[in-house]
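File shown: model.txt (compact mmCIF, C-alpha atoms).
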```txt
# COMPACT_ATOMS: atom_id res chain seq x y z
CA MET A 158 0.00 0.00 0.00
CA LYS A 159 2.84 2.35 0.90
CA LYS A 160 4.59 1.63 -2.42
CA LEU A 161 1.38 2.30 -4.33
CA LEU A 162 0.92 5.66 -2.58
CA ILE A 163 4.55 6.67 -3.24
CA GLY A 164 4.20 5.60 -6.88
CA ALA A 165 1.04 7.69 -7.29
CA VAL A 166 2.74 10.75 -5.77
CA VAL A 167 5.77 10.36 -8.09
CA VAL A 168 3.54 10.00 -11.16
CA GLY A 169 1.57 13.09 -10.07
CA LEU A 170 4.75 15.16 -9.61
CA VAL A 171 6.15 14.12 -13.00
CA ALA A 172 2.86 14.87 -14.76
CA GLY A 173 2.62 18.24 -13.00
CA SER A 174 6.14 19.25 -14.01
CA LEU A 175 5.42 18.39 -17.65
CA ALA A 176 2.18 20.39 -17.69
CA THR A 177 3.73 23.56 -16.21
CA PRO A 178 5.79 24.55 -19.31
CA ALA A 179 2.69 24.28 -21.52
CA VAL A 180 0.78 26.64 -19.23
CA ALA A 181 3.75 29.03 -19.01
CA LYS A 182 3.98 29.27 -22.82
CA LYS A 183 0.46 30.70 -23.14
CA LYS A 184 0.75 34.39 -23.99
CA LYS A 185 -1.62 36.83 -22.42
CA LYS A 186 -3.61 38.89 -24.90
CA PRO A 187 -2.48 42.53 -24.68
CA LYS A 188 -4.97 44.76 -22.90
CA ARG A 189 -6.08 48.00 -24.54
CA VAL A 190 -5.17 51.01 -22.42
CA GLU A 191 -6.52 54.40 -23.40
CA ARG A 192 -6.69 57.96 -22.15
CA VAL A 193 -8.50 61.07 -23.35
CA ALA A 194 -6.85 64.48 -23.77
CA GLU A 195 -8.24 67.78 -25.04
CA ALA A 196 -6.77 70.89 -26.60
CA THR A 197 -8.48 74.16 -27.44
CA TYR A 198 -7.73 76.41 -30.39
CA SER A 199 -8.70 79.87 -31.57
CA GLY A 200 -8.88 80.65 -35.28
CA SER A 201 -7.69 83.73 -37.07
CA ALA A 202 -9.57 87.03 -37.12
CA ASN A 203 -8.55 87.57 -40.77
CA ILE A 204 -11.38 88.27 -43.19
CA VAL A 205 -9.70 86.56 -46.15
CA TYR A 206 -9.02 82.85 -45.79
CA LEU A 207 -7.07 80.73 -48.22
CA PRO A 208 -8.37 77.19 -48.67
CA GLY A 209 -6.09 74.74 -46.88
CA ALA A 210 -4.62 77.44 -44.63
CA SER A 211 -3.86 76.20 -41.13
CA PHE A 212 -5.05 78.22 -38.15
CA GLY A 213 -3.48 76.58 -35.13
CA GLY A 214 -4.67 73.46 -33.45
CA GLY A 215 -3.36 71.44 -30.53
CA ALA A 216 -0.39 69.35 -29.42
CA PHE A 217 -0.64 66.00 -27.65
CA SER A 218 2.12 64.20 -25.73
CA ILE A 219 2.48 60.55 -26.69
CA GLY A 220 3.86 57.93 -24.30
CA GLY A 221 6.30 55.18 -25.23
CA ASP A 222 3.55 52.53 -25.45
CA GLU A 223 0.95 54.75 -27.13
CA GLN A 224 0.65 54.54 -30.90
CA TYR A 225 -3.00 54.96 -31.93
CA LEU A 226 -5.07 58.15 -31.85
CA SER A 227 -8.66 59.02 -32.65
CA PHE A 228 -9.81 62.64 -32.86
CA GLU A 229 -13.04 64.61 -32.74
CA ILE A 230 -13.20 68.37 -33.35
CA THR A 231 -16.02 70.60 -32.16
CA ASP A 232 -15.86 74.13 -33.59
CA GLY A 233 -17.91 77.16 -32.55
CA SER A 234 -18.92 77.72 -36.19
CA GLY A 235 -20.95 74.51 -36.12
CA THR A 236 -19.25 73.34 -39.32
CA THR A 237 -17.24 70.16 -39.75
CA VAL A 238 -13.60 71.22 -39.54
CA SER A 239 -10.79 69.79 -41.66
CA ALA A 240 -7.59 68.77 -39.85
CA ASN A 241 -4.09 67.52 -40.56
CA VAL A 242 -2.18 65.35 -38.05
CA GLY A 243 1.59 65.64 -37.92
CA GLN A 244 4.67 64.35 -36.09
CA ASP A 245 8.37 65.24 -36.15
CA PRO A 246 10.04 61.87 -35.41
CA ASP A 247 13.51 62.93 -36.62
CA GLY A 248 13.52 66.20 -34.66
CA ASP A 249 14.28 68.48 -37.63
CA SER A 250 11.37 70.86 -36.80
CA GLN A 251 9.57 69.70 -39.96
CA SER A 252 6.26 68.01 -39.21
CA SER A 253 5.39 65.01 -41.37
CA THR A 254 1.71 64.32 -42.06
CA VAL A 255 0.55 61.05 -40.50
CA GLY A 256 -3.17 61.54 -41.10
CA GLU A 257 -6.01 63.82 -42.20
CA PHE A 258 -9.67 63.89 -41.28
CA CYS A 259 -12.90 65.89 -41.38
CA GLY A 260 -14.58 66.47 -38.02
CA LYS A 261 -13.55 63.13 -36.55
CA THR A 262 -11.41 60.16 -37.50
CA GLU A 263 -13.17 57.11 -38.91
CA GLU A 264 -10.34 54.78 -37.84
CA PRO A 265 -7.50 55.32 -35.34
CA ILE A 266 -4.35 56.91 -36.80
CA LYS A 267 -1.11 55.01 -36.14
CA VAL A 268 1.71 57.24 -34.89
CA GLU A 269 5.31 56.95 -33.71
CA PRO A 270 5.34 56.12 -29.96
CA GLY A 271 6.97 58.73 -27.72
CA VAL A 272 6.78 61.54 -30.31
CA GLU A 273 4.45 64.52 -29.79
CA VAL A 274 1.50 64.77 -32.19
CA THR A 275 0.19 68.10 -33.50
CA VAL A 276 -3.28 68.58 -35.00
CA PHE A 277 -3.60 71.54 -37.37
CA VAL A 278 -7.15 72.79 -38.07
CA GLU A 279 -7.66 74.09 -41.61
CA GLN A 280 -9.94 76.44 -43.51
CA GLY A 281 -11.36 75.13 -46.78
CA THR A 282 -13.78 72.33 -47.46
CA CYS A 283 -14.64 69.25 -45.49
CA GLY A 284 -17.02 66.50 -46.52
CA GLY A 285 -18.50 68.59 -49.34
CA GLY A 286 -19.17 71.62 -47.14
CA PRO A 287 -17.14 74.53 -45.76
CA SER A 288 -14.53 74.08 -43.03
CA ILE A 289 -14.82 77.34 -41.09
CA VAL A 290 -12.32 77.61 -38.24
CA THR A 291 -13.36 79.88 -35.36
CA GLU A 292 -12.59 78.44 -31.94
CA GLY A 293 -13.11 75.00 -30.57
CA THR A 294 -11.90 71.82 -28.94
CA ILE A 295 -9.91 68.87 -30.24
CA LYS A 296 -10.62 65.69 -28.26
CA ALA A 297 -8.01 62.93 -28.61
CA THR A 298 -8.38 59.31 -27.54
CA ILE A 299 -4.85 57.93 -27.22
CA SER A 300 -4.20 54.19 -26.87
CA ASN A 301 -1.69 51.36 -27.21
CA LEU A 302 -3.93 49.27 -29.51
CA PRO A 303 -6.32 50.25 -32.34
```

Just dump the structure as structure tokens.
Amino acid sequence: MKKLLIGAVVVGLVAGSLATPAVAKKKKKPKRVERVAEATYSGSANIVYLPGASFGGGAFSIGGDEQYLSFEITDGSGTTVSANVGQDPDGDSQSSTVGEFCGKTEEPIKVEPGVEVTVFVEQGTCGGGPSIVTEGTIKATISNLP
């Protein structure tokens, strides 16, 4: 009886040690982490606007694990505002366009982690109507996954 009990314990220990590596190999699915940030802007008081002219916008700090952004702009004019999203990953003070949208993004925009993002609001057209920049808010949802 004692030998049978010892044999059962040994078999259990061996089986348990073989099962542990299989469990350890399972990768956890990454969890989506997001935060919301806002920036306000004030458009130009100029009477003459050139289509495509940028009138400010907002800057958003991006963390090392953050690489997807969604935006929504609410302007005092009530119109849908056109915007250009830029980053300067090489630090040469020249912003490279990483995305464009009208009013809000349809899909998240992928950006370089750890590099500030700037949203430039623009006069012109947007979705078949005018993009009139007065003053408003840019809401950004920033996340590690799309």

*If you measure from atom CA of A:Thr294 to atom CA of A:Asp232, what distance in Å do you get, rounded to one decimal?*
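Distance reported for this atom pair: 6.5 Å.
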
*Pick the closest to A:Pro265 from A:Lys184, A:Phe228, A:Arg189, A:Phe217: which is it, counting all atoms listed in the file?*
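Once distances to A:Pro265 are computed over all atoms listed in the file, the minimum belongs to A:Phe228.
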
Give as a compact mmCIF listing (two decimals) with C-alpha atoms, in the frame of the given file each residue that has an atom at most 6 Å from (-10.2, 79.2, -42.9) in the file, counting all atoms listed in the file.
```txt
# COMPACT_ATOMS: atom_id res chain seq x y z
CA TYR A 206 -9.02 82.85 -45.79
CA GLU A 279 -7.66 74.09 -41.61
CA GLN A 280 -9.94 76.44 -43.51
CA GLY A 281 -11.36 75.13 -46.78
CA ILE A 289 -14.82 77.34 -41.09
CA VAL A 290 -12.32 77.61 -38.24
```

*Enter the distance from atom CA of A:Asn301 to atom CA of A:Ala240, in Å, rounded to one decimal.*
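Pair atom CA of A:Asn301 / atom CA of A:Ala240 returns 22.3 Å.
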
*Long-range neighbours of A:Thr298 as a list of chain:residue names, 12 Å cut-off, all atoms listed in the file, 3 positions minimum in chain*: A:Arg189, A:Val190, A:Glu191, A:Arg192, A:Val193, A:Ala194, A:Glu195, A:Ala196, A:Phe217, A:Ser218, A:Ile219, A:Glu223, A:Gln224, A:Tyr225, A:Leu226, A:Ser227, A:Phe228, A:Glu229, A:Ile230, A:Lys261, A:Thr262, A:Glu264, A:Pro265, A:Ile266, A:Ile295, A:Asn301, A:Leu302, A:Pro303

*asked:* For a quick check of understanding, using all atoms listed in the file, which of A:Thr197, A:Gly260, A:Ser300, A:Gly215 has the smallest distance to A:Gly235?
replied: A:Gly260

*So what do you get for atom CA of A:Lys267 versus atom CA of A:Thr254, distance-wise?*
11.4 Å

Using all atoms listed in the file, list the residues that have an atom at most 9 Å from (-2.1, 68.6, -33.0), coordinates as in the file, as an mmCIF file with C-alpha atoms, in the coordinates of the input.
```
data_model
loop_
_atom_site.group_PDB
_atom_site.id
_atom_site.type_symbol
_atom_site.label_atom_id
_atom_site.label_comp_id
_atom_site.auth_asym_id
_atom_site.auth_seq_id
_atom_site.Cartn_x
_atom_site.Cartn_y
_atom_site.Cartn_z
ATOM 1 C CA ALA A 196 -6.770 70.890 -26.600
ATOM 2 C CA GLY A 213 -3.480 76.580 -35.130
ATOM 3 C CA GLY A 214 -4.670 73.460 -33.450
ATOM 4 C CA GLY A 215 -3.360 71.440 -30.530
ATOM 5 C CA ALA A 216 -0.390 69.350 -29.420
ATOM 6 C CA PHE A 217 -0.640 66.000 -27.650
ATOM 7 C CA ALA A 240 -7.590 68.770 -39.850
ATOM 8 C CA ASN A 241 -4.090 67.520 -40.560
ATOM 9 C CA VAL A 242 -2.180 65.350 -38.050
ATOM 10 C CA GLY A 243 1.590 65.640 -37.920
ATOM 11 C CA GLN A 244 4.670 64.350 -36.090
ATOM 12 C CA GLU A 273 4.450 64.520 -29.790
ATOM 13 C CA VAL A 274 1.500 64.770 -32.190
ATOM 14 C CA THR A 275 0.190 68.100 -33.500
ATOM 15 C CA VAL A 276 -3.280 68.580 -35.000
ATOM 16 C CA PHE A 277 -3.600 71.540 -37.370
ATOM 17 C CA VAL A 278 -7.150 72.790 -38.070
ATOM 18 C CA ILE A 295 -9.910 68.870 -30.240
#
```

Atoms kept (N, CA and C atoms) for stretch 249-265 of chain A, as a tab-separated table (two decimals), in the first residue's frame:
```
chain	number	residue	atom	x	y	z
A	249	ASP	N	13.73	67.42	-36.77
A	249	ASP	CA	14.28	68.48	-37.63
A	249	ASP	C	13.35	69.69	-37.72
A	250	SER	N	12.36	69.77	-36.84
A	250	SER	CA	11.37	70.86	-36.80
A	250	SER	C	10.49	70.90	-38.04
A	251	GLN	N	10.44	69.82	-38.79
A	251	GLN	CA	9.57	69.70	-39.96
A	251	GLN	C	8.55	68.59	-39.67
A	252	SER	N	7.31	68.98	-39.51
A	252	SER	CA	6.26	68.01	-39.21
A	252	SER	C	5.90	67.21	-40.45
A	253	SER	N	5.81	65.90	-40.29
A	253	SER	CA	5.39	65.01	-41.37
A	253	SER	C	3.93	64.63	-41.13
A	254	THR	N	3.13	64.66	-42.18
A	254	THR	CA	1.71	64.32	-42.06
A	254	THR	C	1.56	62.82	-41.84
A	255	VAL	N	0.83	62.46	-40.78
A	255	VAL	CA	0.55	61.05	-40.50
A	255	VAL	C	-0.94	60.73	-40.67
A	256	GLY	N	-1.75	61.77	-40.89
A	256	GLY	CA	-3.17	61.54	-41.10
A	256	GLY	C	-3.93	62.83	-41.35
A	257	GLU	N	-5.10	62.70	-41.95
A	257	GLU	CA	-6.01	63.82	-42.20
A	257	GLU	C	-7.42	63.34	-41.93
A	258	PHE	N	-8.28	64.27	-41.52
A	258	PHE	CA	-9.67	63.89	-41.28
A	258	PHE	C	-10.57	65.11	-41.31
A	259	CYS	N	-11.87	64.85	-41.41
A	259	CYS	CA	-12.90	65.89	-41.38
A	259	CYS	C	-13.78	65.66	-40.15
A	260	GLY	N	-13.72	66.56	-39.20
A	260	GLY	CA	-14.58	66.47	-38.02
A	260	GLY	C	-14.14	65.45	-37.00
A	261	LYS	N	-14.04	64.19	-37.43
A	261	LYS	CA	-13.55	63.13	-36.55
A	261	LYS	C	-12.96	62.01	-37.39
A	262	THR	N	-12.05	61.26	-36.78
A	262	THR	CA	-11.41	60.16	-37.50
A	262	THR	C	-12.38	58.98	-37.59
A	263	GLU	N	-12.35	58.31	-38.75
A	263	GLU	CA	-13.17	57.11	-38.91
A	263	GLU	C	-12.48	55.90	-38.29
A	264	GLU	N	-11.17	55.85	-38.40
A	264	GLU	CA	-10.34	54.78	-37.84
A	264	GLU	C	-9.20	55.43	-37.06
A	265	PRO	N	-8.65	54.75	-36.05
A	265	PRO	CA	-7.50	55.32	-35.34
A	265	PRO	C	-6.32	55.54	-36.29
```
